[in-house]
$ cat data_21.txt   # compact mmCIF, C-alpha atoms
# COMPACT_ATOMS: atom_id res chain seq x y z
CA MET A 30 12.63 126.61 25.50
CA ALA A 31 16.28 125.84 25.96
CA SER A 32 18.40 128.82 26.67
CA GLU A 33 20.99 129.67 24.05
CA ARG A 34 24.63 129.36 24.99
CA VAL A 35 26.48 132.61 24.50
CA TYR A 36 30.22 132.47 23.98
CA LYS A 37 31.98 135.31 25.74
CA TYR A 38 35.45 136.08 24.53
CA ILE A 39 37.94 136.79 27.29
CA ALA A 40 41.09 138.47 26.05
CA PRO A 41 44.24 136.77 27.39
CA ALA A 42 46.92 138.68 29.22
CA SER A 43 49.61 140.24 27.07
CA PRO A 44 52.62 137.98 26.52
CA GLY A 45 55.94 138.86 28.07
CA GLU A 46 58.59 140.33 25.83
CA LEU A 47 61.41 138.17 24.49
CA ILE A 48 65.04 139.25 24.57
CA ASP A 49 66.84 139.33 21.19
CA CYS A 50 63.58 138.45 19.45
CA THR A 51 63.58 137.39 15.78
CA ASN A 52 60.29 137.60 13.86
CA TYR A 53 59.07 135.56 10.91
CA THR A 54 55.88 136.24 8.97
CA ILE A 55 53.48 133.33 8.58
CA ASP A 56 50.58 135.25 7.05
CA PHE A 57 50.75 139.03 6.89
CA VAL A 58 47.13 139.48 5.79
CA ASN A 59 45.83 137.55 8.82
CA ARG A 60 48.57 139.00 11.03
CA LYS A 61 50.14 135.72 12.08
CA PHE A 62 53.80 135.73 13.04
CA LEU A 63 56.37 133.39 14.54
CA GLN A 64 58.90 134.71 17.07
CA VAL A 65 62.11 133.18 18.39
CA GLY A 66 63.75 134.76 21.42
CA ILE A 67 65.04 134.39 24.97
CA ASP A 68 62.25 134.17 27.56
CA PRO A 69 63.32 135.67 30.92
CA THR A 70 60.39 134.00 32.71
CA GLN A 71 61.60 130.53 31.63
CA GLU A 72 65.14 130.70 33.03
CA PHE A 73 66.28 132.55 29.91
CA ASN A 74 65.69 129.57 27.64
CA VAL A 75 64.91 129.92 23.95
CA CYS A 76 61.18 130.23 23.29
CA VAL A 77 59.19 129.89 20.07
CA ARG A 78 55.96 131.88 19.95
CA ILE A 79 53.16 132.02 17.38
CA ILE A 80 51.30 135.28 17.81
CA THR A 81 48.33 137.14 16.35
CA PRO A 82 46.83 140.53 17.33
CA SER A 83 44.59 138.84 19.92
CA ARG A 84 46.20 135.53 20.88
CA PHE A 85 49.54 133.81 21.32
CA VAL A 86 50.95 130.37 22.09
CA ASN A 87 54.41 129.67 23.48
CA ILE A 88 56.10 126.52 22.20
CA SER A 89 59.27 124.94 23.51
CA VAL A 90 62.04 124.03 21.10
CA ASP A 91 61.52 120.32 21.83
CA PHE A 92 57.80 120.56 21.08
CA LEU A 93 58.57 122.36 17.80
CA LYS A 94 60.93 119.54 16.79
CA ARG A 95 58.20 117.00 17.47
CA LEU A 96 55.75 119.10 15.45
CA TYR A 97 58.10 119.10 12.45
CA SER A 98 58.61 115.35 12.77
CA LEU A 99 54.83 114.91 12.41
CA MET A 100 54.44 117.53 9.67
CA GLY A 101 53.88 114.99 6.88
CA HIS A 102 51.14 113.21 8.83
CA ILE A 103 49.52 116.52 9.83
CA LEU A 104 49.46 117.86 6.28
CA SER A 105 48.04 114.64 4.83
CA HIS A 106 45.24 114.76 7.40
CA ILE A 107 44.44 118.45 6.91
CA LEU A 108 44.59 118.29 3.11
CA ASP A 109 42.28 115.27 2.99
CA THR A 110 38.99 116.63 1.64
CA THR A 111 37.06 113.61 2.90
CA VAL A 112 37.71 114.55 6.50
CA LYS A 113 34.58 115.87 8.16
CA TYR A 114 34.19 117.44 11.57
CA ARG A 115 36.26 115.08 13.62
CA ARG A 116 38.63 116.38 16.22
CA PHE A 117 41.96 114.62 16.00
CA ILE A 118 44.77 114.98 18.55
CA PHE A 119 48.21 114.95 16.95
CA LEU A 120 50.42 115.91 19.88
CA GLU A 121 50.07 116.95 23.49
CA ASN A 122 52.15 117.80 26.54
CA GLU A 123 51.46 119.61 29.80
CA PHE A 124 51.66 123.02 28.11
CA VAL A 125 50.41 122.72 24.51
CA LEU A 126 47.76 120.74 22.65
CA LEU A 127 47.93 120.11 18.90
CA THR A 128 44.61 119.15 17.25
CA SER A 129 42.56 119.61 14.09
CA MET A 130 39.11 121.09 13.47
CA ILE A 131 36.86 122.33 10.69
CA TYR A 132 36.58 126.10 10.61
CA ARG A 133 34.54 127.90 7.93
CA GLY A 134 34.49 124.77 5.82
CA GLU A 135 38.25 124.29 5.93
CA CYS A 136 40.27 121.83 8.00
CA MET A 137 42.66 123.70 10.26
CA LEU A 138 45.48 122.86 12.62
CA VAL A 139 44.83 124.13 16.15
CA ILE A 140 47.72 124.96 18.49
CA GLU A 141 46.24 125.57 21.92
CA SER A 142 47.89 126.64 25.15
CA LYS A 143 46.96 124.64 28.25
CA VAL A 144 48.36 127.24 30.64
CA GLU A 145 46.99 130.47 29.11
CA GLN A 146 43.20 130.46 29.03
CA GLY A 147 41.71 131.35 25.65
CA CYS A 148 45.02 131.23 23.80
CA ARG A 149 44.84 129.16 20.64
CA ILE A 150 46.03 129.67 17.08
CA LEU A 151 44.31 128.29 13.98
CA LEU A 152 46.60 127.54 11.04
CA SER A 153 45.31 126.90 7.54
CA PRO A 154 47.09 124.47 5.20
CA LYS A 155 48.70 127.45 3.45
CA GLU A 156 49.99 128.85 6.74
CA LEU A 157 51.20 125.43 7.82
CA MET A 158 53.16 125.10 4.58
CA ALA A 159 54.75 128.49 5.28
CA ILE A 160 55.94 127.24 8.66
CA GLN A 161 57.29 124.07 7.06
CA ASN A 162 59.33 126.14 4.59
CA MET A 163 60.88 128.05 7.51
CA GLU A 164 62.10 124.90 9.29
CA TRP A 165 65.83 125.23 8.60
CA THR A 166 65.84 128.99 9.11
CA ILE A 167 64.01 128.71 12.42
CA PHE A 168 66.33 126.03 13.81
CA GLU A 169 69.38 127.95 12.63
CA THR A 170 68.11 130.89 14.67
CA VAL A 171 67.32 128.65 17.65
CA THR A 172 70.83 127.17 17.60
CA GLY A 173 72.47 130.60 17.47
CA LYS A 174 70.44 131.91 20.38
CA THR A 175 71.01 128.75 22.43
CA MET A 176 74.76 128.44 21.88
CA ILE A 177 75.79 132.10 21.63
CA VAL A 178 73.15 134.61 22.77
CA ARG A 179 71.90 132.87 25.94
CA PRO A 180 75.37 132.44 27.54
CA MET A 181 76.14 136.10 26.81
CA ILE A 182 72.89 137.25 28.42
CA LEU A 183 73.50 135.14 31.53
CA LEU A 184 77.05 136.48 31.79
CA GLN A 185 75.93 140.10 31.52
CA LEU A 186 73.09 139.46 33.99
CA ASP A 187 75.67 138.24 36.50
CA GLN A 188 77.93 141.24 35.82
CA ILE A 189 75.09 143.70 36.37
CA THR A 190 74.01 142.08 39.64
CA GLU A 191 77.61 142.05 40.84
CA TYR A 192 77.81 145.79 40.19
CA PHE A 193 74.53 146.39 42.04
CA LYS A 194 75.70 144.33 45.00
CA ASN A 195 78.97 146.20 45.35
CA TYR A 196 77.77 149.77 44.77
CA TYR A 197 74.23 149.93 46.19
CA LYS A 198 73.43 149.40 49.85
CA ILE A 199 70.00 147.91 50.54
CA GLU A 200 68.40 146.84 53.78
CA LYS A 201 68.41 143.13 54.48
CA GLU A 202 64.61 143.11 54.79
CA ALA A 203 63.99 144.75 51.39
CA THR A 204 61.32 143.10 49.23
CA LEU A 205 61.55 142.10 45.58
CA GLU A 206 59.33 145.06 44.63
CA GLU A 207 61.77 147.43 46.31
CA PHE A 208 64.66 145.89 44.37
CA VAL A 209 62.68 146.35 41.14
CA THR A 210 61.96 150.01 41.95
CA ILE A 211 65.65 150.71 42.58
CA ILE A 212 66.68 149.01 39.32
CA LYS A 213 64.21 151.07 37.30
CA GLY A 214 65.75 154.24 38.72
CA ILE A 215 69.34 153.36 37.78
CA GLN A 216 70.52 154.96 34.56
CA ILE A 217 71.71 152.70 31.74
CA GLU A 218 74.79 154.90 31.22
CA LEU A 219 75.82 154.32 34.83
CA ILE A 220 75.47 150.55 34.48
CA SER A 221 77.46 150.52 31.24
CA LYS A 222 80.37 152.31 32.90
CA HIS A 223 80.71 149.67 35.61
CA VAL A 224 80.07 146.51 33.58
CA PRO A 225 82.90 144.99 31.52
CA LYS A 226 82.64 145.76 27.83
CA ASN A 227 81.10 142.98 25.73
CA LYS A 228 81.12 142.50 21.98
CA TYR A 229 77.32 142.32 21.98
CA SER A 230 75.60 144.20 24.76
CA PHE A 231 72.19 143.17 26.08
CA ILE A 232 72.26 145.50 29.09
CA ASN A 233 69.35 147.63 27.87
CA GLN A 234 67.15 144.63 27.09
CA ILE A 235 67.98 142.91 30.38
CA LYS A 236 67.12 146.01 32.40
CA LEU A 237 63.89 146.66 30.47
CA LEU A 238 62.58 143.16 29.74
CA ALA A 239 63.97 141.12 32.65
CA THR A 240 63.66 143.58 35.53
CA GLU A 241 62.12 141.10 37.97
CA GLN A 242 64.65 138.40 37.12
CA LEU A 243 67.47 140.93 37.54
CA ALA A 244 66.06 141.97 40.93
CA GLY A 245 65.73 138.34 42.01
CA SER A 246 69.32 137.61 41.00
CA TRP A 247 70.53 140.69 42.88
CA MET A 248 68.57 139.72 45.98
CA GLU A 249 69.90 136.16 45.90
CA LYS A 250 73.50 137.28 45.45
CA LEU A 251 73.17 139.86 48.22
CA ASN A 252 71.68 137.35 50.65
CA LYS A 253 74.50 134.90 49.98
CA SER A 254 77.05 137.65 50.57
CA LEU A 255 75.40 138.75 53.83
CA LYS A 256 75.14 135.17 55.03
CA GLY A 257 78.85 134.62 54.44
CA VAL A 258 79.76 137.80 56.32
CA GLU A 259 77.50 136.88 59.25
CA GLU A 260 79.14 133.48 59.54
CA ASN A 261 82.62 135.02 59.63
CA TYR A 262 82.13 138.22 61.61
CA GLY A 263 78.65 138.16 63.12
CA PRO A 264 75.65 140.19 61.97
CA GLU A 265 75.96 143.06 64.44
CA ASP A 266 79.34 144.33 63.30
CA PHE A 267 78.52 144.01 59.61
CA PHE A 268 75.15 145.77 59.54
CA SER A 269 76.44 148.80 61.46
CA PRO A 270 76.95 151.47 58.77
CA PRO A 271 80.54 152.68 58.51
CA PHE A 272 79.55 156.29 59.13
CA THR A 273 77.84 155.45 62.45
CA GLN A 274 80.73 153.60 63.94
CA LEU A 275 82.75 155.60 66.44
CA SER A 276 86.37 155.82 65.54
CA ARG A 277 88.19 155.29 68.79
CA PRO A 278 91.92 155.87 68.85
CA CYS A 279 93.96 152.95 69.96
CA LYS A 280 95.37 153.29 73.42
CA GLN A 281 99.12 153.68 73.38
CA PRO A 282 100.99 151.59 75.94
CA LYS A 283 102.46 153.57 78.76
CA LYS A 284 106.12 154.23 78.44
CA THR A 285 107.76 152.88 81.54
CA VAL A 286 111.20 153.43 82.86
CA ASN A 287 113.03 150.31 83.79
CA ASP A 288 114.15 149.83 87.32
CA GLU A 289 117.69 148.73 87.90
CA TYR A 290 116.36 145.25 88.74
CA ASP A 291 114.07 145.06 85.65
CA GLY A 292 116.83 144.20 83.29
CA PRO A 293 118.71 146.17 80.67
CA ASN A 294 117.12 148.91 78.58
CA ARG A 295 117.44 148.93 74.82
CA ASP A 296 120.00 151.71 75.06
CA GLU A 297 122.25 149.82 77.40
CA THR A 298 125.39 148.47 75.89
CA ASN A 299 125.53 145.40 78.12
CA ASN A 300 124.45 142.35 76.24
CA LEU A 301 122.08 139.73 77.52
CA LYS A 302 124.88 137.43 78.63
CA ASP A 303 126.33 140.08 80.86
CA PHE A 304 122.98 140.75 82.40
CA PHE A 305 122.37 137.13 83.39
CA GLU A 306 125.88 136.78 84.78
CA THR A 307 125.32 139.88 86.93
CA TYR A 308 121.87 138.66 88.01
CA ASP A 309 123.24 135.28 89.10
CA SER A 310 125.95 136.91 91.21
CA GLY A 311 123.27 138.87 93.12
CA LYS A 312 124.72 142.23 92.18
CA PRO A 313 122.46 144.85 90.63
CA THR A 314 123.23 146.03 87.12
CA ARG A 315 124.37 149.56 86.57

$ encode --input "data_21.txt" --output "structure tokens"
Amino acid sequence: MASERVYKYIAPASPGELIDCTNYTIDFVNRKFLQVGIDPTQEFNVCVRIITPSRFVNISVDFLKRLYSLMGHILSHILDTTVKYRRFIFLENEFVLLTSMIYRGECMLVIESKVEQGCRILLSPKELMAIQNMEWTIFETVTGKTMIVRPMILLQLDQITEYFKNYYKIEKEATLEEFVTIIKGIQIELISKHVPKNKYSFINQIKLLATEQLAGSWMEKLNKSLKGVEENYGPEDFFSPPFTQLSRPCKQPKKTVNDEYDGPNRDETNNLKDFFETYDSGKPTR
């Protein structure tokens, strides 16, 4: 007797949070939503995410554009009642796979992640139509976050790391985890006082949602600064803390009294010409 195959569901890891995230409802009853935000783990690029209570799929903006360009073909295939169980691949890249399948007697669009195991979203024709109706709104949001929000976040990220570099002393051998721990202990109010005022502040979201990226940026900027100092002054002088250096008074030159053959003193009224004339005659100056 052949053994039955048992499917064991493995819950995927929770998705990372998006900065300045905008949410759109695809199907509230089935708890399907579309998010547009800045992904710190992807070099702060704009990310589109379809998410349910148990799964999620991240989609790049370029992939979403290609999906919309194929929307007519996808809908005609899914709405065709003559289509039986036949898996059809519409679109694919190294991160996402777009296919169709029959689920509970209905043809569905499947968006599956190729990097997150077990992450796939099934979209019914009704849900796909809802996404199609959001096309202009979604791309308007994407454009705003790409052209306005992302540059502001990168600017404030640089301002925060510059403040950390100048005001917090960390050992050269410190690890990324140690940088992260220090950042978590710094109060937001303290950061806000030392960072230039911006019309739209993302300081709280950067500190909370991009802690590792902030620590990495701080570490990189600090290493560049230390490398430049070592090249100019040498590592030994720079890494000696100011409070451990002995303050040695400069030695004052001894005050000597000029001999009558040493030449004129500053107080003498004879000028230099007179001195040389006297020296050439072999007579000492008085």

$ axis_aligned_box --input "data_21.txt" --around "stretch 164-169 of chain A" --padding-each-side "8 Å" --output "JSON"
{"center_x": 65.7, "center_y": 126.9, "center_z": 11.2, "size_x": 23.3, "size_y": 20.1, "size_z": 21.2}

$ residues_around --input "data_21.txt" --residues "A:Ile140" --least-positions-apart "2" --cutoff "6 Å" --atoms "all atoms listed in the file" --output "PyMOL selection string"
chain A and resi 126-127+149-150

$ atom_distance --input "data_21.txt" --atom1 "atom CA of A:Glu156" --atom2 "atom CA of A:Arg84"
16.1 Å

$ residues_around --input "data_21.txt" --residues "A:Met137" --least-positions-apart "2" --cutoff "8 Å" --atoms "all atoms listed in the file" --output "list of chain:residue names"
A:Ile107, A:Ser129, A:Met130, A:Ile131, A:Tyr132, A:Glu135, A:Val139, A:Leu151, A:Leu152, A:Ser153, A:Pro154

$ atom_distance --input "data_21.txt" --atom1 "atom CA of A:Tyr196" --atom2 "atom CA of A:Phe73"
25.5 Å

$ residues_around --input "data_21.txt" --residues "A:Ile211" --least-positions-apart "2" --cutoff "12 Å" --atoms "only C-alpha atoms" --output "ChimeraX atom specification"
/A:193,197-199,203-209,213-216,236,240-241,243-244,247-248

$ atom_distance --input "data_21.txt" --atom1 "atom CA of A:Thr81" --atom2 "atom CA of A:Leu63"
9.1 Å

$ closest_residue --input "data_21.txt" --among "A:Thr166, A:Ser105, A:Thr54, A:Thr175" --to "A:Cys76" --atoms "all atoms listed in the file"
A:Thr175

$ closest_residue --input "data_21.txt" --among "A:Ile118, A:Met100, A:Cys136, A:Cys148" --to "A:Ile160" --atoms "all atoms listed in the file"
A:Met100

$ closest_residue --input "data_21.txt" --among "A:Leu251, A:Ile48, A:Met176, A:Lys61" --to "A:Glu202" --atoms "only C-alpha atoms"
A:Leu251
